[in-house]
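Please read the structure below before turning to the comments.
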Amino acid sequence: MRIDIVTIFPEYFGVLDVSLLGRAREDGILEVAVHDLRDFTHDRHRTVDDKPYGGGAGMVMKPEPWGEALDAILDAAAAPKSAAPESTTEADAPAADTGPIVIFPSPAGEVFTQAMARELSHADHIVFGCGRYEGIDQRVFEYAGSRASVRLVSLGDYVLNGGEVAVMAMIEAIGRLIPGVIGNPESLVEESHEDGLLEYPSYTKPALWRDYEVPPVLTNGNHGAIATWRRAQQLERTRRVRPDLLPPA
Ligand SMILES: Nc1ncccc1[N+](=O)[O-]
């Protein structure tokens, strides 16, 4: 997967070089490029925003730099790759490219979920456009939609100052689902939200710690009883903390 990020704070994404995603980049599983939106301005002050038409507080991001940044990224992606070796059979042919998806983090977007992360983990190319909370000129979304699939995505109903933190979260949630990024794919299965419920509580040694003991069911080796206990814990925790996630009765 290739990820392009457009931002006025490129330094935000230096951290992507560490942890699992850093290894995935070294292994060639994930390719990440960060672009400074100001590199697509042409005035001395490298201006990226201006006052909103219709008045109101705050500033709106100008369409011109965004248009040039998106064109540069999408044109590069559309350019013919170095000639792939003649494939002998249909099976060798690379899977059809799903085409670029352009995602703008926005509190006005559809809510980001584990299901969306899993869906996006199969994409070939994702472009993240980090705007300021006051917003990006609406025509940018319309223009981007003429060249690619565009989605406004929200992490939640709260206000951040910009999209960078949201993009970091989405890249981590999506990236860890890409085959080969997480060492043991098994560890992806029993997680919160994977089966629609919150995960069960976890314990490790010692069996007794400061008068707190590990539930005996987990230490007696009866795998059937353990699975039953864990499922019951998931349901109880989901019912208590996130009843909205419970399957319809
Ligand atoms: N909540 C948000 N606030 C500002 C920008 C982006 C946001 N988000 O959730 O993606």
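In the structure tokens, chains take letters A, B, ... by order of appearance, with residues numbered from 1 within each chain and ligands from 1 in the order shown.
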
List all protein, DNA and RNA residues that have an atom no more than 10 Å from any atom of ligand 1, counting only C-alpha atoms and all ligand atoms, and report them as a ChimeraX atom specification.
/A:103-112,130-135,152-167,169-170

10 Å contact set for A:Leu74, only C-alpha atoms, chain neighbours under 4 positions out, as a PyMOL selection string:
chain A and resi 4+68-70+78-79+99-100+102+125+127+144+147-148

Counting only C-alpha atoms, give me one row per residue of stretch 97-209 of chain A with an atom at most 7 Å from an atom of stretch 234-239 of chain A, showing the shortest contact pair and its distance in Å to one decimal, sorted by chain then residue number, as a tab-separated table.
residue	atom	partner	partner_atom	distance
A:Leu197	CA	A:Thr238	CA	6.0
A:Leu198	CA	A:Thr238	CA	5.5
A:Glu199	CA	A:Gln234	CA	5.5
A:Tyr200	CA	A:Gln234	CA	4.9

Residue contacts of A:Asn220 (12 Å, only C-alpha atoms) excluding same-chain residues fewer than 6 positions away, as an mmCIF file with N, CA and C atoms, in the first residue's frame:
data_model
loop_
_atom_site.group_PDB
_atom_site.id
_atom_site.type_symbol
_atom_site.label_atom_id
_atom_site.label_comp_id
_atom_site.auth_asym_id
_atom_site.auth_seq_id
_atom_site.Cartn_x
_atom_site.Cartn_y
_atom_site.Cartn_z
ATOM 1 N N ALA A 207 0.151 -14.944 39.667
ATOM 2 C CA ALA A 207 -1.255 -15.316 39.889
ATOM 3 C C ALA A 207 -1.860 -14.474 41.020
ATOM 4 N N VAL A 214 -5.705 -13.651 40.007
ATOM 5 C CA VAL A 214 -6.213 -13.920 38.655
ATOM 6 C C VAL A 214 -7.447 -14.822 38.792
ATOM 7 N N ILE A 226 -12.788 -21.557 29.930
ATOM 8 C CA ILE A 226 -12.129 -20.259 29.695
ATOM 9 C C ILE A 226 -12.826 -19.498 28.574
#

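Atom to atom, atom CA of A:Phe40 and atom CA of A:Pro65 stand 4.9 Å apart.
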
As JSON, numbers by chain, which residues of stretch 53-239 of chain A does DSSP assign to alpha helix (DSSP H)?
{"A": [63, 64, 65, 66, 67, 68, 69, 70, 71, 72, 73, 74, 75, 76, 77, 78, 114, 115, 116, 117, 118, 119, 120, 138, 139, 140, 141, 142, 143, 144, 145, 146, 147, 164, 165, 166, 167, 168, 169, 170, 171, 172, 173, 174, 175, 223, 224, 225, 226, 227, 228, 229, 230, 231, 232, 233, 234, 235, 236, 237, 238, 239]}

Which one is closest to A:Ile29: A:Arg2, A:Arg151, A:Lys205, A:Arg210? Count only C-alpha atoms.
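Using only C-alpha atoms, A:Ile29 sits closest to A:Arg2.
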
Just the residues within 9 Å of stretch 22-26 of chain A, please, counting only C-alpha atoms, with nothing from its chain fewer than 5 positions along; format it as a PyMOL selection string.
chain A and resi 15-17+31-32+175+180-182

Residues at most 12 Å from A:Pro179, counting only C-alpha atoms, excluding those fewer than 6 positions away in the same chain, as a CSV table (one decimal) with N, CA and C atoms, in the first residue's frame?
chain,number,residue,atom,x,y,z
A,1,MET,N,0.8,-1.2,0.0
A,1,MET,CA,0.0,0.0,0.0
A,1,MET,C,0.9,1.2,0.0
A,24,ALA,N,7.4,-1.9,8.6
A,24,ALA,CA,6.7,-2.2,7.4
A,24,ALA,C,7.2,-1.4,6.2
A,27,ASP,N,10.3,-3.0,5.1
A,27,ASP,CA,10.1,-4.3,4.4
A,27,ASP,C,9.3,-4.1,3.0
A,28,GLY,N,9.0,-2.8,2.8
A,28,GLY,CA,8.4,-2.5,1.5
A,28,GLY,C,6.9,-2.8,1.5
A,29,ILE,N,6.3,-3.1,2.6
A,29,ILE,CA,4.9,-3.5,2.7
A,29,ILE,C,4.1,-2.2,2.6
A,30,LEU,N,4.7,-1.1,3.2
A,30,LEU,CA,4.0,0.2,3.2
A,30,LEU,C,4.9,1.2,2.7
A,118,ARG,N,-10.6,-2.0,8.3
A,118,ARG,CA,-10.3,-3.3,7.6
A,118,ARG,C,-10.6,-3.1,6.1
A,121,SER,N,-7.7,-1.3,4.6
A,121,SER,CA,-6.4,-2.0,4.6
A,121,SER,C,-6.2,-2.7,3.3
A,122,HIS,N,-7.3,-2.9,2.5
A,122,HIS,CA,-7.1,-3.6,1.2
A,122,HIS,C,-6.9,-2.6,0.1
A,185,PRO,N,-0.6,-12.6,13.0
A,185,PRO,CA,-2.0,-12.2,12.7
A,185,PRO,C,-3.1,-12.7,13.7
A,186,GLU,N,-2.7,-13.8,14.4
A,186,GLU,CA,-3.7,-14.3,15.4
A,186,GLU,C,-4.0,-13.1,16.4
A,188,LEU,N,-4.6,-10.3,16.0
A,188,LEU,CA,-5.6,-9.3,15.5
A,188,LEU,C,-7.0,-9.8,15.7

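Between atom CA of A:Gly129 and atom CA of A:Ala115 there is a distance of 21.1 Å.
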